[in-house]
Structures are given as C-alpha cells and as structure tokens.
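*Asks:* My structure is stored as final.json, with JSON, N, CA and C atoms and all ligand atoms.
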[["chain", "number", "residue", "atom", "x", "y", "z"],
["S", 19, "MET", "N", 11.30, -11.13, -10.25],
["S", 19, "MET", "CA", 11.87, -11.50, -11.53],
["S", 19, "MET", "C", 13.09, -12.38, -11.29],
["S", 20, "ARG", "N", 13.12, -13.48, -11.89],
["S", 20, "ARG", "CA", 14.25, -14.37, -11.78],
["S", 20, "ARG", "C", 15.04, -14.30, -13.07],
["S", 21, "VAL", "N", 16.32, -14.18, -12.92],
["S", 21, "VAL", "CA", 17.17, -14.05, -14.09],
["S", 21, "VAL", "C", 17.72, -15.41, -14.47],
["S", 22, "GLY", "N", 17.60, -15.76, -15.72],
["S", 22, "GLY", "CA", 18.14, -17.02, -16.20],
["S", 22, "GLY", "C", 19.06, -16.78, -17.38],
["S", 23, "GLY", "N", 19.47, -17.85, -17.98],
["S", 23, "GLY", "CA", 20.30, -17.72, -19.16],
["S", 23, "GLY", "C", 21.76, -17.51, -18.81],
["S", 24, "ARG", "N", 22.50, -17.19, -19.80],
["S", 24, "ARG", "CA", 23.93, -16.99, -19.60],
["S", 24, "ARG", "C", 24.18, -15.69, -18.85],
["S", 25, "PRO", "N", 25.19, -15.67, -17.97],
["S", 25, "PRO", "CA", 25.46, -14.46, -17.19],
["S", 25, "PRO", "C", 25.66, -13.22, -18.05],
["S", 26, "GLN", "N", 26.29, -13.36, -19.19],
["S", 26, "GLN", "CA", 26.55, -12.20, -20.03],
["S", 26, "GLN", "C", 25.27, -11.57, -20.55],
["S", 27, "GLU", "N", 24.18, -12.32, -20.55],
["S", 27, "GLU", "CA", 22.94, -11.82, -21.11],
["S", 27, "GLU", "C", 22.07, -11.09, -20.09],
["S", 28, "VAL", "N", 22.47, -11.11, -18.84],
["S", 28, "VAL", "CA", 21.63, -10.56, -17.79],
["S", 28, "VAL", "C", 21.50, -9.05, -17.91],
["S", 29, "ASP", "N", 22.58, -8.36, -18.07],
["S", 29, "ASP", "CA", 22.54, -6.91, -18.02],
["S", 29, "ASP", "C", 23.25, -6.29, -19.23],
["S", 30, "ARG", "N", 23.12, -6.90, -20.35],
["S", 30, "ARG", "CA", 23.83, -6.50, -21.54],
["S", 30, "ARG", "C", 23.53, -5.07, -21.97],
["S", 31, "ILE", "N", 22.35, -4.58, -21.70],
["S", 31, "ILE", "CA", 21.94, -3.27, -22.20],
["S", 31, "ILE", "C", 22.78, -2.14, -21.61],
["S", 32, "THR", "N", 23.04, -2.18, -20.31],
["S", 32, "THR", "CA", 23.78, -1.08, -19.69],
["S", 32, "THR", "C", 25.25, -1.39, -19.49],
["S", 33, "ALA", "N", 25.55, -2.52, -18.91],
["S", 33, "ALA", "CA", 26.94, -2.89, -18.63],
["S", 33, "ALA", "C", 26.94, -4.35, -18.21],
["S", 34, "ASP", "N", 28.03, -5.00, -18.44],
["S", 34, "ASP", "CA", 28.15, -6.40, -18.03],
["S", 34, "ASP", "C", 28.60, -6.47, -16.58],
["S", 35, "LEU", "N", 27.66, -6.32, -15.68],
["S", 35, "LEU", "CA", 27.98, -6.30, -14.26],
["S", 35, "LEU", "C", 28.06, -7.71, -13.69],
["S", 36, "ILE", "N", 27.31, -8.64, -14.26],
["S", 36, "ILE", "CA", 27.34, -10.02, -13.80],
["S", 36, "ILE", "C", 28.08, -10.82, -14.86],
["S", 37, "THR", "N", 29.25, -11.28, -14.52],
["S", 37, "THR", "CA", 30.10, -11.92, -15.53],
["S", 37, "THR", "C", 30.42, -13.37, -15.23],
["S", 38, "THR", "N", 30.02, -13.87, -14.06],
["S", 38, "THR", "CA", 30.32, -15.27, -13.75],
["S", 38, "THR", "C", 29.06, -15.96, -13.26],
["S", 39, "TRP", "N", 29.10, -17.29, -13.32],
["S", 39, "TRP", "CA", 27.96, -18.07, -12.83],
["S", 39, "TRP", "C", 27.79, -17.88, -11.32],
["S", 40, "THR", "N", 28.89, -17.71, -10.61],
["S", 40, "THR", "CA", 28.82, -17.48, -9.17],
["S", 40, "THR", "C", 28.09, -16.18, -8.87],
["S", 41, "GLN", "N", 28.40, -15.15, -9.63],
["S", 41, "GLN", "CA", 27.72, -13.87, -9.43],
["S", 41, "GLN", "C", 26.24, -13.99, -9.77],
["S", 42, "LEU", "N", 25.93, -14.73, -10.83],
["S", 42, "LEU", "CA", 24.53, -14.91, -11.21],
["S", 42, "LEU", "C", 23.78, -15.67, -10.12],
["S", 43, "ALA", "N", 24.40, -16.71, -9.57],
["S", 43, "ALA", "CA", 23.76, -17.48, -8.50],
["S", 43, "ALA", "C", 23.53, -16.60, -7.28],
["S", 44, "ALA", "N", 24.51, -15.76, -6.94],
["S", 44, "ALA", "CA", 24.35, -14.85, -5.80],
["S", 44, "ALA", "C", 23.24, -13.85, -6.07],
["S", 45, "PHE", "N", 23.20, -13.35, -7.31],
["S", 45, "PHE", "CA", 22.15, -12.40, -7.67],
["S", 45, "PHE", "C", 20.77, -13.05, -7.54],
["S", 46, "ASN", "N", 20.64, -14.27, -8.06],
["S", 46, "ASN", "CA", 19.34, -14.95, -8.00],
["S", 46, "ASN", "C", 18.93, -15.23, -6.56],
["S", 47, "THR", "N", 19.89, -15.59, -5.71],
["S", 47, "THR", "CA", 19.58, -15.83, -4.30],
["S", 47, "THR", "C", 19.09, -14.54, -3.64],
["S", 48, "LEU", "N", 19.80, -13.46, -3.86],
["S", 48, "LEU", "CA", 19.40, -12.18, -3.27],
["S", 48, "LEU", "C", 18.07, -11.71, -3.83],
["S", 49, "ASN", "N", 17.86, -11.94, -5.12],
["S", 49, "ASN", "CA", 16.61, -11.52, -5.76],
["S", 49, "ASN", "C", 15.43, -12.27, -5.17],
["S", 50, "ARG", "N", 15.59, -13.57, -4.92],
["S", 50, "ARG", "CA", 14.51, -14.35, -4.31],
["S", 50, "ARG", "C", 14.20, -13.84, -2.91],
["S", 51, "LYS", "N", 15.24, -13.51, -2.15],
["S", 51, "LYS", "CA", 15.04, -12.98, -0.80],
["S", 51, "LYS", "C", 14.32, -11.63, -0.85],
["S", 52, "LEU", "N", 14.71, -10.81, -1.83],
["S", 52, "LEU", "CA", 14.05, -9.51, -1.98],
["S", 52, "LEU", "C", 12.57, -9.68, -2.32],
["S", 53, "GLU", "N", 12.28, -10.58, -3.26],
["S", 53, "GLU", "CA", 10.88, -10.82, -3.62],
["S", 53, "GLU", "C", 10.08, -11.31, -2.42],
["S", 54, "LYS", "N", 10.67, -12.17, -1.62],
["S", 54, "LYS", "CA", 10.00, -12.69, -0.43],
["S", 54, "LYS", "C", 9.75, -11.57, 0.57],
["S", 55, "MET", "N", 10.75, -10.72, 0.73],
["S", 55, "MET", "CA", 10.62, -9.60, 1.66],
["S", 55, "MET", "C", 9.53, -8.63, 1.18],
["S", 56, "LEU", "N", 9.54, -8.32, -0.11],
["S", 56, "LEU", "CA", 8.54, -7.39, -0.63],
["S", 56, "LEU", "C", 7.14, -7.98, -0.51],
["S", 57, "ALA", "N", 7.02, -9.28, -0.73],
["S", 57, "ALA", "CA", 5.72, -9.92, -0.64],
["S", 57, "ALA", "C", 5.21, -9.95, 0.80],
["S", 58, "SER", "N", 6.12, -9.87, 1.76],
["S", 58, "SER", "CA", 5.72, -9.93, 3.16],
["S", 58, "SER", "C", 5.24, -8.57, 3.67],
["S", 59, "GLU", "N", 5.51, -7.53, 2.92],
["S", 59, "GLU", "CA", 5.15, -6.18, 3.37],
["S", 59, "GLU", "C", 3.83, -5.78, 2.71],
["S", 60, "PRO", "N", 2.74, -5.83, 3.46],
["S", 60, "PRO", "CA", 1.46, -5.43, 2.88],
["S", 60, "PRO", "C", 1.50, -3.97, 2.46],
["S", 61, "GLU", "N", 0.93, -3.68, 1.32],
["S", 61, "GLU", "CA", 0.91, -2.31, 0.82],
["S", 61, "GLU", "C", 0.00, -1.46, 1.69],
["S", 62, "CYS", "N", 0.40, -0.23, 1.90],
["S", 62, "CYS", "CA", -0.41, 0.70, 2.68],
["S", 62, "CYS", "C", -0.51, 1.99, 1.87],
["S", 63, "THR", "N", -1.42, 2.00, 0.94],
["S", 63, "THR", "CA", -1.54, 3.10, -0.02],
["S", 63, "THR", "C", -1.85, 4.41, 0.69],
["S", 64, "GLY", "N", -1.02, 5.39, 0.44],
["S", 64, "GLY", "CA", -1.21, 6.72, 1.02],
["S", 64, "GLY", "C", -0.35, 6.96, 2.25],
["S", 65, "ASP", "N", 0.31, 5.94, 2.72],
["S", 65, "ASP", "CA", 1.13, 6.06, 3.93],
["S", 65, "ASP", "C", 2.56, 6.44, 3.56],
["S", 66, "GLY", "N", 2.85, 7.72, 3.55],
["S", 66, "GLY", "CA", 4.17, 8.19, 3.16],
["S", 66, "GLY", "C", 5.21, 8.05, 4.24],
["S", 67, "ASN", "N", 4.81, 8.14, 5.50],
["S", 67, "ASN", "CA", 5.80, 8.05, 6.58],
["S", 67, "ASN", "C", 5.93, 6.63, 7.13],
["S", 68, "MET", "N", 5.24, 5.71, 6.52],
["S", 68, "MET", "CA", 5.38, 4.27, 6.79],
["S", 68, "MET", "C", 5.07, 3.89, 8.24],
["S", 69, "ASP", "N", 4.08, 4.56, 8.82],
["S", 69, "ASP", "CA", 3.67, 4.18, 10.17],
["S", 69, "ASP", "C", 2.42, 3.31, 10.17],
["S", 70, "LYS", "N", 2.06, 2.85, 8.98],
["S", 70, "LYS", "CA", 0.93, 1.93, 8.78],
["S", 70, "LYS", "C", -0.43, 2.58, 9.01],
["S", 71, "ARG", "N", -0.44, 3.90, 8.98],
["S", 71, "ARG", "CA", -1.69, 4.63, 9.10],
["S", 71, "ARG", "C", -1.68, 5.76, 8.08],
["S", 72, "VAL", "N", -2.84, 6.02, 7.52],
["S", 72, "VAL", "CA", -2.96, 7.16, 6.61],
["S", 72, "VAL", "C", -3.81, 8.20, 7.33],
["S", 73, "ASN", "N", -3.14, 9.30, 7.67],
["S", 73, "ASN", "CA", -3.83, 10.29, 8.49],
["S", 73, "ASN", "C", -3.35, 11.71, 8.18],
["S", 74, "GLN", "N", -3.73, 12.64, 9.02],
["S", 74, "GLN", "CA", -3.37, 14.06, 8.81],
["S", 74, "GLN", "C", -1.87, 14.27, 8.80],
["S", 75, "LEU", "N", -1.15, 13.45, 9.53],
["S", 75, "LEU", "CA", 0.31, 13.59, 9.54],
["S", 75, "LEU", "C", 0.89, 13.34, 8.14],
["S", 76, "ASP", "N", 0.30, 12.41, 7.43],
["S", 76, "ASP", "CA", 0.76, 12.18, 6.05],
["S", 76, "ASP", "C", 0.48, 13.40, 5.18],
["S", 77, "LEU", "N", -0.67, 14.01, 5.38],
["S", 77, "LEU", "CA", -0.98, 15.23, 4.61],
["S", 77, "LEU", "C", -0.03, 16.37, 4.97],
["S", 78, "GLN", "N", 0.25, 16.51, 6.24],
["S", 78, "GLN", "CA", 1.19, 17.57, 6.66],
["S", 78, "GLN", "C", 2.59, 17.32, 6.10],
["S", 79, "ASP", "N", 3.01, 16.08, 6.20],
["S", 79, "ASP", "CA", 4.35, 15.75, 5.68],
["S", 79, "ASP", "C", 4.40, 15.88, 4.16],
["S", 80, "TRP", "N", 3.31, 15.48, 3.49],
["S", 80, "TRP", "CA", 3.25, 15.62, 2.04],
["S", 80, "TRP", "C", 3.50, 17.09, 1.66],
["S", 81, "ALA", "N", 2.89, 18.00, 2.41],
["S", 81, "ALA", "CA", 3.02, 19.43, 2.09],
["S", 81, "ALA", "C", 4.47, 19.89, 2.13],
["S", 82, "SER", "N", 5.26, 19.30, 3.02],
["S", 82, "SER", "CA", 6.66, 19.71, 3.10],
["S", 82, "SER", "C", 7.50, 19.16, 1.95],
["S", 83, "PHE", "N", 6.99, 18.15, 1.26],
["S", 83, "PHE", "CA", 7.71, 17.58, 0.12],
["S", 83, "PHE", "C", 7.13, 18.04, -1.21],
["S", 84, "GLN", "N", 6.01, 18.72, -1.18],
["S", 84, "GLN", "CA", 5.33, 19.10, -2.41],
["S", 84, "GLN", "C", 6.26, 19.89, -3.33],
["S", 85, "GLY", "N", 6.31, 19.48, -4.58],
["S", 85, "GLY", "CA", 7.08, 20.20, -5.59],
["S", 85, "GLY", "C", 8.56, 19.86, -5.64],
["S", 86, "VAL", "N", 9.01, 18.91, -4.83],
["S", 86, "VAL", "CA", 10.44, 18.60, -4.81],
["S", 86, "VAL", "C", 10.84, 17.48, -5.77],
["S", 87, "GLY", "N", 9.90, 16.97, -6.53],
["S", 87, "GLY", "CA", 10.22, 15.84, -7.40],
["S", 87, "GLY", "C", 9.95, 14.54, -6.68],
["S", 88, "SER", "N", 10.82, 13.59, -6.85],
["S", 88, "SER", "CA", 10.63, 12.30, -6.21],
["S", 88, "SER", "C", 10.87, 12.43, -4.71],
["S", 89, "SER", "N", 10.01, 11.80, -3.93],
["S", 89, "SER", "CA", 10.16, 11.81, -2.48],
["S", 89, "SER", "C", 9.41, 10.62, -1.92],
["S", 90, "ARG", "N", 9.46, 10.48, -0.61],
["S", 90, "ARG", "CA", 8.69, 9.41, 0.03],
["S", 90, "ARG", "C", 7.19, 9.62, -0.17],
["S", 91, "TYR", "N", 6.79, 10.83, -0.50],
["S", 91, "TYR", "CA", 5.38, 11.13, -0.75],
["S", 91, "TYR", "C", 5.03, 11.14, -2.24],
["S", 92, "ASP", "N", 5.95, 10.69, -3.07],
["S", 92, "ASP", "CA", 5.64, 10.46, -4.49],
["S", 92, "ASP", "C", 4.96, 9.10, -4.56],
["S", 93, "LEU", "N", 3.71, 9.08, -4.19],
["S", 93, "LEU", "CA", 3.02, 7.81, -3.98],
["S", 93, "LEU", "C", 2.65, 7.09, -5.27],
["S", 94, "ASN", "N", 2.51, 7.82, -6.35],
["S", 94, "ASN", "CA", 2.21, 7.16, -7.63],
["S", 94, "ASN", "C", 3.48, 6.92, -8.45],
["S", 95, "LEU", "N", 4.62, 7.22, -7.86],
["S", 95, "LEU", "CA", 5.93, 6.92, -8.45],
["S", 95, "LEU", "C", 6.11, 7.53, -9.84],
["S", 96, "ASP", "N", 5.69, 8.78, -10.00],
["S", 96, "ASP", "CA", 5.89, 9.46, -11.28],
["S", 96, "ASP", "C", 7.01, 10.49, -11.18],
["S", 97, "ALA", "N", 7.81, 10.40, -10.13],
["S", 97, "ALA", "CA", 8.95, 11.30, -9.90],
["S", 97, "ALA", "C", 8.53, 12.73, -9.62],
["S", 98, "GLN", "N", 7.30, 12.93, -9.24],
["S", 98, "GLN", "CA", 6.80, 14.25, -8.85],
["S", 98, "GLN", "C", 6.02, 14.11, -7.54],
["S", 99, "THR", "N", 6.24, 15.01, -6.64],
["S", 99, "THR", "CA", 5.42, 15.04, -5.43],
["S", 99, "THR", "C", 4.45, 16.19, -5.61],
["S", 100, "ASN", "N", 3.23, 15.84, -5.96],
["S", 100, "ASN", "CA", 2.27, 16.89, -6.32],
["S", 100, "ASN", "C", 0.85, 16.53, -5.87],
["S", 101, "ASN", "N", -0.11, 17.24, -6.43],
["S", 101, "ASN", "CA", -1.50, 17.07, -6.01],
["S", 101, "ASN", "C", -2.06, 15.67, -6.27],
["S", 102, "LEU", "N", -1.51, 14.97, -7.24],
["S", 102, "LEU", "CA", -1.95, 13.59, -7.48],
["S", 102, "LEU", "C", -1.63, 12.72, -6.27],
["S", 103, "ASP", "N", -0.48, 12.97, -5.68],
["S", 103, "ASP", "CA", -0.09, 12.21, -4.48],
["S", 103, "ASP", "C", -0.93, 12.62, -3.28],
["S", 104, "GLN", "N", -1.22, 13.89, -3.19],
["S", 104, "GLN", "CA", -2.11, 14.37, -2.12],
["S", 104, "GLN", "C", -3.47, 13.68, -2.22],
["S", 105, "SER", "N", -3.96, 13.54, -3.44],
["S", 105, "SER", "CA", -5.25, 12.88, -3.64],
["S", 105, "SER", "C", -5.23, 11.43, -3.18],
["S", 106, "ILE", "N", -4.11, 10.76, -3.39],
["S", 106, "ILE", "CA", -3.98, 9.36, -2.94],
["S", 106, "ILE", "C", -4.09, 9.30, -1.42],
["S", 107, "ILE", "N", -3.44, 10.25, -0.75],
["S", 107, "ILE", "CA", -3.53, 10.29, 0.72],
["S", 107, "ILE", "C", -4.98, 10.56, 1.13],
["S", 108, "GLN", "N", -5.58, 11.55, 0.52],
["S", 108, "GLN", "CA", -6.96, 11.92, 0.89],
["S", 108, "GLN", "C", -7.93, 10.76, 0.64],
["S", 109, "ASP", "N", -7.72, 10.05, -0.46],
["S", 109, "ASP", "CA", -8.61, 8.92, -0.77],
["S", 109, "ASP", "C", -8.47, 7.78, 0.22],
["S", 110, "ASN", "N", -7.36, 7.75, 0.94],
["S", 110, "ASN", "CA", -7.11, 6.64, 1.87],
["S", 110, "ASN", "C", -7.08, 7.08, 3.33],
["S", 111, "LEU", "N", -7.50, 8.31, 3.61],
["S", 111, "LEU", "CA", -7.49, 8.81, 4.99],
["S", 111, "LEU", "C", -8.25, 7.86, 5.90],
["S", 112, "GLY", "N", -7.65, 7.58, 7.03],
["S", 112, "GLY", "CA", -8.27, 6.70, 8.00],
["S", 112, "GLY", "C", -7.86, 5.25, 7.87],
["S", 113, "LEU", "N", -7.14, 4.94, 6.82],
["S", 113, "LEU", "CA", -6.73, 3.56, 6.59],
["S", 113, "LEU", "C", -5.69, 3.13, 7.64],
["S", 114, "ARG", "N", -5.89, 1.97, 8.21],
["S", 114, "ARG", "CA", -4.92, 1.37, 9.13],
["S", 114, "ARG", "C", -4.51, 0.04, 8.52],
["S", 115, "CYS", "N", -3.24, -0.12, 8.31],
["S", 115, "CYS", "CA", -2.75, -1.28, 7.58],
["S", 115, "CYS", "C", -2.16, -2.31, 8.52],
["S", 116, "PRO", "N", -2.23, -3.58, 8.12],
["S", 116, "PRO", "CA", -1.65, -4.63, 8.96],
["S", 116, "PRO", "C", -0.14, -4.50, 9.05],
["S", 117, "LEU", "N", 0.40, -4.98, 10.14],
["S", 117, "LEU", "CA", 1.84, -4.92, 10.33],
["S", 117, "LEU", "C", 2.53, -5.96, 9.47],
["S", 118, "LYS", "N", 3.81, -5.73, 9.28],
["S", 118, "LYS", "CA", 4.65, -6.58, 8.44],
["S", 118, "LYS", "C", 4.73, -8.00, 8.99],
["S", 119, "LYS", "N", 4.71, -8.97, 8.06],
["S", 119, "LYS", "CA", 4.91, -10.36, 8.45],
["S", 119, "LYS", "C", 6.41, -10.59, 8.62],
["S", 120, "THR", "N", 6.75, -11.59, 9.37],
["S", 120, "THR", "CA", 8.16, -11.92, 9.57],
["S", 120, "THR", "C", 8.68, -12.74, 8.39],
["S", 121, "VAL", "N", 9.87, -12.36, 7.91],
["S", 121, "VAL", "CA", 10.51, -13.08, 6.81],
["S", 121, "VAL", "C", 11.59, -13.99, 7.38],
["S", 122, "ARG", "N", 11.61, -15.22, 6.95],
["S", 122, "ARG", "CA", 12.66, -16.16, 7.41],
["S", 122, "ARG", "C", 13.53, -16.57, 6.26],
["M", 201, "CA", "CA", 1.29, 7.43, 7.75],
["M", 202, "CA", "CA", 3.79, 11.50, -7.72]]
In structure tokens, what does this structure look like?

*Replies:*
Amino acid sequence: MRVGGRPQEVDRITADLITTWTQLAAFNTLNRKLEKMLASEPECTGDGNMDKRVNQLDLQDWASFQGVGSSRYDLNLDAQTNNLDQSIIQDNLGLRCPLKKTVR
C-alpha cells in the first residue's frame, strides 16, 4: 500500500503520527522496501517454525501453542491457535518451500 495525499490525511483515524512531508517520504520509502521484502519471501503455508518445511515438528510445536490465542502457529491469523491451524499444517504436511530470494 502506498500512501499519498496530504500528510495529515495518512493516519487521521487514530492519531496524526505523520505530520510532515519528510516523514511521509520516509514512510513511503520504508513501505516500498517492506513490500519488496514481503514479495521476496515465498509463502510456506503450514510452516509455523519457518524452517521452510511442513512436518511433524510443526504439529508438535503447534500443540505447545494450542489455546494460547495468537501465536506463530495462528496460521489463519484469527488470533486463535486452535484446531483450524492444526488442519492447515496437516493439509500441507510434507511441503518443502523454496528459500527466500535476496532483496537489494
Ligand atoms: Ca516447519
Ligand atoms: Ca488461528
């Protein structure tokens, strides 16, 4: 998401955190870098420990986070670590994901 318009309009709903054009330019620069970084990281659905593999270790680790609310194993991002997340791991067992691309 790229933010445009007047700086005062960027975050009006919660607080005016960006109040100058310099801050807006810095925000846009950082936002572009973040988008580039996120785009470089291939998604690995079901991989809670981020080792690029979906395996029994993810299921074991999921069990230790079960019921704690949001966690690294809240794979569907609903702020709950529960059986829905376990199902995502199970549905992707055996998946091996490509490694991260380099961001410049
Ligand atoms: Ca894993
Ligand atoms: Ca969840």

*Asks:* Let me have all residues with an atom within 7 Å of ligand CA 202 (chain M), counting only N, CA and C atoms and all ligand atoms, laid out as a PDB file with N, CA and C atoms, keeping the file's coordinate frame.

*Replies:*
ATOM      1  N   GLY S  87       9.900  16.970  -6.530  1.00  0.00           N
ATOM      2  CA  GLY S  87      10.220  15.840  -7.400  1.00  0.00           C
ATOM      3  C   GLY S  87       9.950  14.540  -6.680  1.00  0.00           C
ATOM      4  N   TYR S  91       6.790  10.830  -0.500  1.00  0.00           N
ATOM      5  CA  TYR S  91       5.380  11.130  -0.750  1.00  0.00           C
ATOM      6  C   TYR S  91       5.030  11.140  -2.240  1.00  0.00           C
ATOM      7  N   ASP S  92       5.950  10.690  -3.070  1.00  0.00           N
ATOM      8  CA  ASP S  92       5.640  10.460  -4.490  1.00  0.00           C
ATOM      9  C   ASP S  92       4.960   9.100  -4.560  1.00  0.00           C
ATOM     10  N   LEU S  93       3.710   9.080  -4.190  1.00  0.00           N
ATOM     11  CA  LEU S  93       3.020   7.810  -3.980  1.00  0.00           C
ATOM     12  C   LEU S  93       2.650   7.090  -5.270  1.00  0.00           C
ATOM     13  N   ASN S  94       2.510   7.820  -6.350  1.00  0.00           N
ATOM     14  CA  ASN S  94       2.210   7.160  -7.630  1.00  0.00           C
ATOM     15  C   ASN S  94       3.480   6.920  -8.450  1.00  0.00           C
ATOM     16  N   LEU S  95       4.620   7.220  -7.860  1.00  0.00           N
ATOM     17  CA  LEU S  95       5.930   6.920  -8.450  1.00  0.00           C
ATOM     18  C   LEU S  95       6.110   7.530  -9.840  1.00  0.00           C
ATOM     19  N   ASP S  96       5.690   8.780 -10.000  1.00  0.00           N
ATOM     20  CA  ASP S  96       5.890   9.460 -11.280  1.00  0.00           C
ATOM     21  C   ASP S  96       7.010  10.490 -11.180  1.00  0.00           C
ATOM     22  N   ALA S  97       7.810  10.400 -10.130  1.00  0.00           N
ATOM     23  CA  ALA S  97       8.950  11.300  -9.900  1.00  0.00           C
ATOM     24  C   ALA S  97       8.530  12.730  -9.620  1.00  0.00           C
ATOM     25  N   GLN S  98       7.300  12.930  -9.240  1.00  0.00           N
ATOM     26  CA  GLN S  98       6.800  14.250  -8.850  1.00  0.00           C
ATOM     27  C   GLN S  98       6.020  14.110  -7.540  1.00  0.00           C
ATOM     28  N   THR S  99       6.240  15.010  -6.640  1.00  0.00           N
ATOM     29  CA  THR S  99       5.420  15.040  -5.430  1.00  0.00           C
ATOM     30  C   THR S  99       4.450  16.190  -5.610  1.00  0.00           C
ATOM     31  N   ASN S 100       3.230  15.840  -5.960  1.00  0.00           N
ATOM     32  CA  ASN S 100       2.270  16.890  -6.320  1.00  0.00           C
ATOM     33  C   ASN S 100       0.850  16.530  -5.870  1.00  0.00           C
ATOM     34  N   LEU S 102      -1.510  14.970  -7.240  1.00  0.00           N
ATOM     35  CA  LEU S 102      -1.950  13.590  -7.480  1.00  0.00           C
ATOM     36  C   LEU S 102      -1.630  12.720  -6.270  1.00  0.00           C
ATOM     37  N   ASP S 103      -0.480  12.970  -5.680  1.00  0.00           N
ATOM     38  CA  ASP S 103      -0.090  12.210  -4.480  1.00  0.00           C
ATOM     39  C   ASP S 103      -0.930  12.620  -3.280  1.00  0.00           C
TER      40      ASP S 103
END

*Asks:* Counting only C-alpha atoms and all ligand atoms, figure out which residue out of S:Val72, S:Leu77, S:Leu56, S:Ile107 gets nearest to ligand CA 201 (chain M).

*Replies:*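 When distances to ligand CA 201 (chain M) are compared using only C-alpha atoms and all ligand atoms, the smallest one comes from S:Val72.
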
*Asks:* With only C-alpha atoms as the counted atoms, please give the residues lying no more than 12 Å from region 68-71 of chain S, apart from itself and same-chain residues fewer than 2 positions off, as a PyMOL selection string.

*Replies:* chain S and resi 59-66+73-77+79+90-91+93+107+110-118

*Asks:* Based on DSSP run over this structure's backbone, return all residues of region 24-99 of chain S in alpha helix (DSSP H), as number ranges by chain.

*Replies:* S: 39-58, 74-83

*Asks:* So how many Å separate atom C of Ser58 (chain S) and atom N of Ser105 (chain S), to one decimal?

*Replies:*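 So the two atoms, atom C of Ser58 (chain S) and atom N of Ser105 (chain S), lie 25.0 Å apart.
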
*Asks:* Measuring between only N, CA and C atoms and all ligand atoms, which one of S:Asn67, S:Thr37, S:Ala57, S:Leu42 shows the shortest distance to ligand CA 201 (chain M)?

*Replies:* S:Asn67

*Asks:* Could you check how far atom N of Trp80 (chain S) sits from CA of Asp109 (chain S), in Å to one decimal?

*Replies:*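 Taking atom N of Trp80 (chain S) as the start and CA of Asp109 (chain S) as the end point, the length is 14.3 Å.
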
*Asks:* May I ask which of the residues S:Phe83, S:Gln78, S:Ile36, S:Gln41 is the closest one to ligand CA 201 (chain M), counting only C-alpha atoms and all ligand atoms?

*Replies:*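 That would be S:Gln78, the residue with the smallest distance to ligand CA 201 (chain M).
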
*Asks:* Rounded to one decimal in Å, what is the spacing between atom C of Asn46 (chain S) and CA of Ser88 (chain S)?

*Replies:* 28.8 Å

*Asks:* Would you please work out which residue, of S:Leu52, S:Leu35, S:Gln108, S:Gln84, is nearest to ligand CA 201 (chain M) when using only C-alpha atoms and all ligand atoms?

*Replies:*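 Looking only at the distances to ligand CA 201 (chain M), the closest residue turns out to be S:Gln108.
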